[in-house]
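**Q** Provided herewith: start_21.txt, compact mmCIF, C-alpha atoms.
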# COMPACT_ATOMS: atom_id res chain seq x y z
CA MET M 144 -15.79 -14.67 -8.30
CA GLN M 145 -12.34 -15.47 -9.66
CA THR M 146 -10.44 -18.23 -7.86
CA LEU M 147 -7.22 -17.43 -6.06
CA GLN M 148 -4.48 -19.89 -7.02
CA PHE M 149 -1.36 -20.37 -4.90
CA THR M 150 1.65 -21.00 -7.14
CA ALA M 151 4.62 -21.21 -4.74
CA GLU M 152 5.32 -21.37 -1.01
CA SER M 153 8.38 -20.86 1.18
CA SER M 154 9.04 -20.22 4.85
CA SER M 155 11.72 -18.32 6.78
CA ASP M 156 12.15 -16.22 9.91
CA GLY M 157 8.73 -17.09 11.28
CA MET M 158 6.88 -16.12 8.12
CA ILE M 159 5.26 -18.13 5.33
CA GLU M 160 5.38 -16.55 1.85
CA ARG M 161 2.83 -17.72 -0.70
CA ASP M 162 2.77 -16.44 -4.26
CA PHE M 163 -0.67 -16.36 -5.86
CA THR M 164 -2.53 -15.34 -8.97
CA LEU M 165 -6.08 -14.06 -9.27
CA GLY M 166 -6.88 -14.13 -12.95
CA ASP M 167 -3.92 -12.36 -14.52
CA VAL M 168 -3.02 -10.41 -11.35
CA PRO M 169 0.01 -11.79 -9.45
CA GLY M 170 0.38 -11.27 -5.72
CA VAL M 171 2.02 -12.48 -2.54
CA LEU M 172 0.51 -13.35 0.84
CA TRP M 173 2.73 -13.38 3.92
CA SER M 174 1.38 -15.19 7.01
CA PRO M 175 2.64 -16.30 10.44
CA ALA M 176 4.51 -19.60 10.32
CA SER M 177 2.70 -20.68 13.47
CA GLY M 178 -0.65 -19.16 14.29
CA ALA M 179 -3.94 -20.26 15.73
CA GLY M 180 -7.26 -19.10 14.38
CA ARG M 181 -8.03 -16.13 12.21
CA ALA M 182 -5.94 -12.97 12.10
CA PRO M 183 -6.36 -9.46 10.65
CA LEU M 184 -5.27 -8.68 7.10
CA VAL M 185 -3.17 -5.73 5.91
CA LEU M 186 -3.10 -4.86 2.21
CA MET M 187 -0.06 -2.97 0.93
CA GLY M 188 0.39 -0.92 -2.24
CA HIS M 189 3.95 -0.64 -3.54
CA GLY M 190 5.62 2.45 -4.97
CA GLY M 191 5.89 3.39 -8.64
CA GLY M 192 8.53 1.47 -10.57
CA THR M 193 8.77 -1.26 -7.91
CA HIS M 194 6.86 -4.48 -7.27
CA LYS M 195 5.07 -6.67 -4.73
CA LYS M 196 8.24 -8.11 -3.15
CA HIS M 197 10.28 -4.89 -3.08
CA PRO M 198 12.25 -4.60 0.20
CA ALA M 199 9.91 -1.81 1.37
CA MET M 200 7.04 -4.29 1.13
CA ALA M 201 8.83 -7.35 2.48
CA GLY M 202 10.31 -5.40 5.39
CA ARG M 203 6.96 -4.00 6.49
CA ALA M 204 5.37 -7.42 6.06
CA GLN M 205 7.98 -8.97 8.35
CA ARG M 206 7.10 -6.50 11.11
CA LEU M 207 3.35 -6.96 10.72
CA VAL M 208 3.48 -10.76 10.49
CA THR M 209 6.03 -11.56 13.20
CA GLY M 210 5.25 -8.54 15.37
CA CYS M 211 1.44 -8.71 15.30
CA GLY M 212 0.48 -12.07 13.83
CA PHE M 213 -1.22 -10.41 10.84
CA HIS M 214 -1.54 -11.60 7.27
CA VAL M 215 -0.12 -9.19 4.66
CA ALA M 216 -0.94 -9.14 0.94
CA VAL M 217 0.53 -7.19 -1.98
CA ILE M 218 -0.38 -7.35 -5.66
CA ASP M 219 1.64 -5.99 -8.56
CA ALA M 220 0.12 -2.78 -9.91
CA PRO M 221 -0.71 -2.75 -13.64
CA GLY M 222 2.49 -2.58 -15.71
CA HIS M 223 4.67 -3.39 -12.67
CA GLY M 224 6.50 -6.42 -11.35
CA ASP M 225 5.45 -9.59 -13.14
CA ARG M 226 2.78 -7.81 -15.18
CA PRO M 227 3.55 -6.86 -18.78
CA ARG M 228 3.63 -3.22 -19.79
CA THR M 229 1.12 -2.00 -22.33
CA ALA M 230 1.92 0.47 -25.08
CA TYR M 231 0.34 3.15 -22.86
CA ASP M 232 2.65 2.21 -19.97
CA GLU M 233 5.69 2.45 -22.23
CA GLN M 234 4.59 5.82 -23.59
CA GLU M 235 4.03 7.35 -20.14
CA ILE M 236 7.26 5.96 -18.71
CA ALA M 237 9.24 7.25 -21.69
CA GLU M 238 7.68 10.70 -21.27
CA LEU M 239 8.53 10.66 -17.55
CA ARG M 240 12.15 9.68 -18.20
CA ARG M 241 12.45 12.39 -20.86
CA ALA M 242 11.14 15.05 -18.47
CA GLN M 243 13.44 13.89 -15.69
CA ALA M 244 16.47 13.90 -17.98
CA ALA M 245 15.62 17.42 -19.18
CA GLY M 246 15.03 18.70 -15.65
CA GLU M 247 11.39 19.47 -16.49
CA PRO M 248 8.45 19.15 -14.08
CA GLU M 249 7.23 15.57 -13.75
CA ARG M 250 4.13 16.21 -11.69
CA GLN M 251 1.58 16.31 -14.51
CA ILE M 252 2.89 13.08 -16.04
CA VAL M 253 3.00 11.14 -12.77
CA VAL M 254 -0.42 12.34 -11.63
CA ARG M 255 -1.98 11.39 -14.98
CA TYR M 256 -0.33 7.98 -15.11
CA ASN M 257 -1.04 7.13 -11.47
CA ALA M 258 -4.69 8.10 -11.90
CA ARG M 259 -5.02 5.70 -14.82
CA LEU M 260 -3.32 2.90 -12.87
CA ALA M 261 -5.68 3.54 -9.95
CA GLU M 262 -8.71 3.15 -12.22
CA LEU M 263 -7.45 -0.30 -13.13
CA ALA M 264 -6.08 -1.35 -9.75
CA VAL M 265 -8.94 -0.45 -7.41
CA PRO M 266 -11.31 -3.14 -8.75
CA GLU M 267 -8.38 -5.59 -8.80
CA TRP M 268 -7.77 -4.89 -5.12
CA GLN M 269 -11.45 -5.38 -4.31
CA ALA M 270 -11.47 -8.72 -6.13
CA THR M 271 -8.28 -9.73 -4.30
CA LEU M 272 -9.83 -8.83 -0.96
CA ASP M 273 -12.93 -10.86 -1.85
CA ALA M 274 -10.74 -13.89 -2.62
CA LEU M 275 -8.49 -13.52 0.43
CA GLN M 276 -11.48 -13.33 2.74
CA GLU M 277 -12.55 -16.74 1.43
CA LEU M 278 -9.46 -18.24 3.10
CA PRO M 279 -10.29 -19.80 6.49
CA GLU M 280 -7.28 -18.17 8.16
CA ILE M 281 -8.57 -14.70 7.20
CA GLY M 282 -12.35 -14.88 6.91
CA ALA M 283 -14.93 -12.33 5.85
CA ASP M 284 -15.51 -10.68 9.21
CA GLY M 285 -11.98 -9.75 10.28
CA PRO M 286 -10.45 -6.25 10.31
CA VAL M 287 -8.53 -5.03 7.27
CA GLY M 288 -5.88 -2.32 7.01
CA TYR M 289 -4.11 -0.68 4.07
CA VAL M 290 -0.59 0.73 3.57
CA GLY M 291 0.27 2.85 0.51
CA ILE M 292 3.64 4.18 -0.60
CA GLY M 293 3.74 6.65 -3.51
CA LEU M 294 1.79 4.92 -6.27
CA GLY M 295 0.33 2.74 -3.51
CA THR M 296 -1.16 5.89 -1.99
CA ALA M 297 -2.49 7.07 -5.37
CA ILE M 298 -4.29 3.72 -5.62
CA GLY M 299 -5.07 3.42 -1.93
CA VAL M 300 -6.89 6.70 -1.40
CA PRO M 301 -9.64 5.92 -3.96
CA LEU M 302 -9.72 2.31 -2.72
CA VAL M 303 -10.16 3.22 0.96
CA ALA M 304 -12.71 5.89 -0.02
CA ILE M 305 -15.10 3.24 -1.39
CA GLU M 306 -14.10 0.05 0.45
CA ALA M 307 -15.92 -0.20 3.78
CA ARG M 308 -14.00 -3.33 4.80
CA ILE M 309 -10.80 -1.30 5.26
CA THR M 310 -10.90 0.18 8.75
CA ALA M 311 -7.48 1.87 9.11
CA ALA M 312 -4.83 3.12 6.68
CA VAL M 313 -1.26 4.38 6.50
CA PHE M 314 -0.35 6.59 3.55
CA VAL M 315 3.05 7.89 2.46
CA CYS M 316 2.60 11.23 0.71
CA THR M 317 2.00 11.55 -3.02
CA TRP M 318 0.69 14.34 -5.26
CA PRO M 319 -2.85 15.25 -4.14
CA ASP M 320 -4.19 16.66 -7.42
CA VAL M 321 -6.87 14.06 -8.19
CA LEU M 322 -7.07 12.63 -4.67
CA LEU M 323 -8.53 15.49 -2.62
CA GLU M 324 -12.20 14.77 -3.33
CA LYS M 325 -11.70 11.08 -2.59
CA ALA M 326 -9.75 11.84 0.59
CA GLN M 327 -12.73 13.83 1.83
CA ARG M 328 -14.75 10.60 1.85
CA ILE M 329 -12.31 8.78 4.12
CA THR M 330 -13.25 8.70 7.79
CA VAL M 331 -11.23 5.75 9.12
CA PRO M 332 -8.12 6.37 11.29
CA ILE M 333 -5.16 7.56 9.21
CA GLU M 334 -1.41 7.77 9.76
CA PHE M 335 0.22 10.00 7.13
CA ASP M 336 3.96 10.26 6.41
CA LEU M 337 5.39 13.43 4.87
CA GLN M 338 9.00 14.22 3.95
CA TRP M 339 9.49 17.87 4.93
CA ASP M 340 12.28 18.49 2.39
CA ASP M 341 10.77 16.47 -0.47
CA GLU M 342 12.24 17.75 -3.73
CA ARG M 343 9.46 16.19 -5.85
CA ILE M 344 6.24 16.77 -3.89
CA SER M 345 5.89 20.18 -2.27
CA ARG M 346 5.28 20.54 1.45
CA GLU M 347 2.11 22.47 0.67
CA ALA M 348 0.80 19.64 -1.52
CA GLY M 349 1.38 17.10 1.23
CA LEU M 350 -0.33 19.27 3.82
CA ALA M 351 -3.31 19.73 1.50
CA LEU M 352 -3.79 15.99 1.16
CA PHE M 353 -3.53 15.44 4.92
CA ASP M 354 -6.02 18.24 5.54
CA ALA M 355 -8.49 16.71 3.09
CA PHE M 356 -8.96 13.46 5.02
CA ALA M 357 -12.26 13.57 6.91
CA SER M 358 -11.03 11.18 9.60
CA LYS M 359 -11.61 12.23 13.19
CA GLU M 360 -8.40 10.40 14.08
CA LYS M 361 -5.54 11.30 11.76
CA THR M 362 -1.88 11.81 12.55
CA MET M 363 0.83 13.31 10.35
CA HIS M 364 4.47 12.34 10.77
CA ALA M 365 6.64 15.01 9.15
CA ASN M 366 10.28 13.98 8.93
CA ALA M 367 13.28 15.96 7.74
CA GLY M 368 14.64 14.54 4.51
CA ARG M 369 14.14 14.18 0.78
CA HIS M 370 11.66 12.11 -1.21
CA MET M 371 13.45 8.77 -0.85
CA GLU M 372 14.61 9.30 2.74
CA LEU M 373 11.55 8.16 4.72
CA PRO M 374 12.99 6.93 8.04
CA ARG M 375 12.82 3.19 8.63
CA PHE M 376 11.30 3.78 12.05
CA GLU M 377 8.07 4.87 10.32
CA ALA M 378 7.50 1.21 9.44
CA ASP M 379 7.60 0.41 13.17
CA SER M 380 5.18 3.25 13.85
CA ALA M 381 2.80 1.86 11.22
CA THR M 382 2.99 -1.55 12.88
CA ARG M 383 1.98 -0.06 16.23
CA PHE M 384 -0.80 1.89 14.50
CA PHE M 385 -2.31 -1.28 13.04
CA ALA M 386 -1.88 -3.17 16.30
CA ARG M 387 -4.07 -0.52 17.95
CA HIS M 388 -6.72 -0.41 15.26
CA LEU M 389 -6.85 -4.02 14.07
CA GLY M 390 -6.71 -5.57 17.50
CA ARG M 391 -3.38 -7.29 18.06
CA THR M 392 -0.51 -6.63 20.49
CA THR M 393 2.91 -5.89 19.06
CA VAL M 394 6.05 -7.68 20.13
CA THR M 395 9.61 -6.49 19.65
CA SER M 396 10.47 -6.34 15.94
CA PRO M 397 13.41 -8.43 14.74
CA ALA M 398 16.64 -6.56 14.10
Show this structure as structure tokens.
**A**
Amino acid sequence: MQTLQFTAESSSDGMIERDFTLGDVPGVLWSPASGAGRAPLVLMGHGGGTHKKHPAMAGRAQRLVTGCGFHVAVIDAPGHGDRPRTAYDEQEIAELRRAQAAGEPERQIVVRYNARLAELAVPEWQATLDALQELPEIGADGPVGYVGIGLGTAIGVPLVAIEARITAAVFVCTWPDVLLEKAQRITVPIEFDLQWDDERISREAGLALFDAFASKEKTMHANAGRHMELPRFEADSATRFFARHLGRTTVTSPA
């Protein structure tokens, strides 16, 4: 097993932030500044073109850490954040930008690229989970959740489909093309966020992915708005969801 190395630490607003590396994969672990004993762990997958400390990640981590006493971990996806881009990354990103500039469909490019990143990232996430569960404040027998946004969902669906340690998940909609068969293997409780007026991912595609999950408990939150307009209150809903399923009581989130 690779050794997790902490490289930096800071503390603010009731939360400790520790940067780490596992091999050549950089990540961040947020934990309660004052906590007793072990606590559940939530893994989060960031969106395409962003990184582990993007505000969408840090904001959700703040709620989960200070509101529930959880630990929260994010790693940079391949070619994102502090990880160098390969020639393949550059080629796919250039093709995506060209299609967007020309007003051409981007779906095929994004689905292809995300699927390749998922092939690389799923084993990285499993190795990260192995290493995090070696920490005494997390342990190997505690509950684990997963949050995925965009690319984080494209990686998270195949991860949750094969990783029995993850017992609840929140997914923000992405293209379902290569995910449907994997979604059919998922039986843990799911909360699924869908933008009803998404200009990039069709309503029908989002509904198809939600329908594919085999979970007996699954809830879809459909909100009016475009692709980038997911309401902030969905982060609070996700916090309550994990409090129910990972075993902690929420407190009022900070403003």
**Q** Measuring between all atoms listed in the file, which one of M:Val215, M:Leu323, M:Ala297, M:Ala386 shows the shortest distance to Arg203 (chain M)?
**A**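 Closest residue, counting all atoms listed in the file: M:Val215.
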**Q** Taking into account all atoms listed in the file, which residue in the set M:Ser358, M:Thr296, M:Ser154, M:Thr310 is nearest to Arg387 (chain M)?
**A** M:Thr310
**Q** What is the CA of Asp379 (chain M) to CA of Glu360 (chain M) distance in Å?
**A** 18.9 Å
**Q** So, counting only C-alpha atoms, which residue among M:Gly349, M:Gly288, M:Pro169, M:Pro227 is closest to Phe149 (chain M)?
**A**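 Nearest candidate to Phe149 (chain M) out of M:Gly349, M:Gly288, M:Pro169, M:Pro227: M:Pro169.
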**Q** Report, in Å to a single decimal, how far apart CA of Lys195 (chain M) and CA of Val315 (chain M) are.
**A**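 Atom-to-atom, CA of Val315 (chain M) to CA of Lys195 (chain M), that is 16.4 Å.
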**Q** Looking at all atoms listed in the file, which of M:Ala199, M:Ala220, M:Ala242, M:Ala312 is the one that sits closest to Ala261 (chain M)?
**A** M:Ala220
**Q** For region 189-191 of chain M, list every protein, DNA or RNA residue within 7 Å, evaluated using only C-alpha atoms, and leave out those in the same chain fewer than 2 positions away; present the list as number ranges by chain.
**A** M: 187, 193-195, 200, 291-295
**Q** So which one's closest to Glu280 (chain M), M:Phe213, M:Phe376, M:Phe384, M:Phe163? Using all atoms listed in the file, please.
**A**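 Between M:Phe213, M:Phe376, M:Phe384, M:Phe163, the residue approaching Glu280 (chain M) most closely is M:Phe213.
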**Q** Within 9 Å of (-4.2, 17.7, -8.1), only C-alpha atoms: residues as a list in words?
**A**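 Nearby residues: Gln251, Val254, Trp318, Pro319, Asp320, Val321, Leu322, Leu323 and Ala348 of chain M.
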**Q** Could you please take those selected residues and save C-alpha atoms as an mmCIF file, in the coordinates of the input?
**A**
data_model
loop_
_atom_site.group_PDB
_atom_site.id
_atom_site.type_symbol
_atom_site.label_atom_id
_atom_site.label_comp_id
_atom_site.auth_asym_id
_atom_site.auth_seq_id
_atom_site.Cartn_x
_atom_site.Cartn_y
_atom_site.Cartn_z
ATOM 1 C CA GLN M 251 1.580 16.310 -14.510
ATOM 2 C CA VAL M 254 -0.420 12.340 -11.630
ATOM 3 C CA TRP M 318 0.690 14.340 -5.260
ATOM 4 C CA PRO M 319 -2.850 15.250 -4.140
ATOM 5 C CA ASP M 320 -4.190 16.660 -7.420
ATOM 6 C CA VAL M 321 -6.870 14.060 -8.190
ATOM 7 C CA LEU M 322 -7.070 12.630 -4.670
ATOM 8 C CA LEU M 323 -8.530 15.490 -2.620
ATOM 9 C CA ALA M 348 0.800 19.640 -1.520
#
**Q** Find the residues around Pro175 (chain M) up to 8 Å (all atoms listed in the file counted), leave out those fewer than 5 positions away in its own chain, and share them as a PyMOL selection string.
**A** chain M and resi 157-159+208-209+212-214
**Q** For CA of Arg181 (chain M) and CA of Gln148 (chain M), determine how far apart the two atoms are, in Å to one decimal place.
**A**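 Separation of CA of Arg181 (chain M) and CA of Gln148 (chain M): 19.9 Å.
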**Q** Which one of M:Phe314, M:Gly285, M:Tyr231, M:Arg241 sits closest to Leu260 (chain M) if you count only C-alpha atoms?
**A**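 Ranking M:Phe314, M:Gly285, M:Tyr231, M:Arg241 by distance to Leu260 (chain M), first place goes to M:Tyr231.
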**Q** Do a neighbour search on region 332-343 of chain M at 10 Å with only C-alpha atoms, toss out local chain neighbours closer than 2 positions, and write the hits as a PyMOL selection string.
**A** chain M and resi 248-250+288-292+310-318+329-330+345-347+349-350+352-353+356-374+377+380-381+384-385+388
**Q** Would you mind putting back N, CA and C atoms on region 343-361 of chain M, then writing it out as a JSON list (two decimals), keeping the file's coordinate frame?
**A**
[["chain", "number", "residue", "atom", "x", "y", "z"],
["M", 343, "ARG", "N", 10.39, 16.52, -4.77],
["M", 343, "ARG", "CA", 9.46, 16.19, -5.85],
["M", 343, "ARG", "C", 8.03, 16.64, -5.53],
["M", 344, "ILE", "N", 7.61, 16.43, -4.30],
["M", 344, "ILE", "CA", 6.24, 16.77, -3.89],
["M", 344, "ILE", "C", 6.34, 17.89, -2.86],
["M", 345, "SER", "N", 5.73, 19.02, -3.14],
["M", 345, "SER", "CA", 5.89, 20.18, -2.27],
["M", 345, "SER", "C", 5.26, 19.92, -0.90],
["M", 346, "ARG", "N", 5.81, 20.60, 0.09],
["M", 346, "ARG", "CA", 5.28, 20.54, 1.45],
["M", 346, "ARG", "C", 3.81, 20.94, 1.46],
["M", 347, "GLU", "N", 3.48, 21.98, 0.72],
["M", 347, "GLU", "CA", 2.11, 22.47, 0.67],
["M", 347, "GLU", "C", 1.17, 21.42, 0.09],
["M", 348, "ALA", "N", 1.63, 20.68, -0.92],
["M", 348, "ALA", "CA", 0.80, 19.64, -1.52],
["M", 348, "ALA", "C", 0.53, 18.53, -0.51],
["M", 349, "GLY", "N", 1.56, 18.13, 0.22],
["M", 349, "GLY", "CA", 1.38, 17.10, 1.23],
["M", 349, "GLY", "C", 0.43, 17.52, 2.33],
["M", 350, "LEU", "N", 0.56, 18.76, 2.78],
["M", 350, "LEU", "CA", -0.33, 19.27, 3.82],
["M", 350, "LEU", "C", -1.78, 19.33, 3.33],
["M", 351, "ALA", "N", -1.95, 19.66, 2.06],
["M", 351, "ALA", "CA", -3.31, 19.73, 1.50],
["M", 351, "ALA", "C", -3.97, 18.37, 1.50],
["M", 352, "LEU", "N", -3.21, 17.33, 1.17],
["M", 352, "LEU", "CA", -3.79, 15.99, 1.16],
["M", 352, "LEU", "C", -4.13, 15.55, 2.59],
["M", 353, "PHE", "N", -3.24, 15.80, 3.52],
["M", 353, "PHE", "CA", -3.53, 15.44, 4.92],
["M", 353, "PHE", "C", -4.78, 16.17, 5.41],
["M", 354, "ASP", "N", -4.87, 17.44, 5.09],
["M", 354, "ASP", "CA", -6.02, 18.24, 5.54],
["M", 354, "ASP", "C", -7.33, 17.72, 4.96],
["M", 355, "ALA", "N", -7.27, 17.14, 3.76],
["M", 355, "ALA", "CA", -8.49, 16.71, 3.09],
["M", 355, "ALA", "C", -9.14, 15.48, 3.73],
["M", 356, "PHE", "N", -8.36, 14.64, 4.40],
["M", 356, "PHE", "CA", -8.96, 13.46, 5.02],
["M", 356, "PHE", "C", -10.00, 13.86, 6.04],
["M", 357, "ALA", "N", -11.17, 13.23, 6.00],
["M", 357, "ALA", "CA", -12.26, 13.57, 6.91],
["M", 357, "ALA", "C", -12.20, 12.78, 8.21],
["M", 358, "SER", "N", -11.16, 12.02, 8.41],
["M", 358, "SER", "CA", -11.03, 11.18, 9.60],
["M", 358, "SER", "C", -10.98, 12.02, 10.87],
["M", 359, "LYS", "N", -11.69, 11.57, 11.89],
["M", 359, "LYS", "CA", -11.61, 12.23, 13.19],
["M", 359, "LYS", "C", -10.29, 11.92, 13.87],
["M", 360, "GLU", "N", -9.72, 10.75, 13.57],
["M", 360, "GLU", "CA", -8.40, 10.40, 14.08],
["M", 360, "GLU", "C", -7.43, 10.33, 12.90],
["M", 361, "LYS", "N", -6.57, 11.31, 12.80],
["M", 361, "LYS", "CA", -5.54, 11.30, 11.76],
["M", 361, "LYS", "C", -4.30, 11.95, 12.33]]
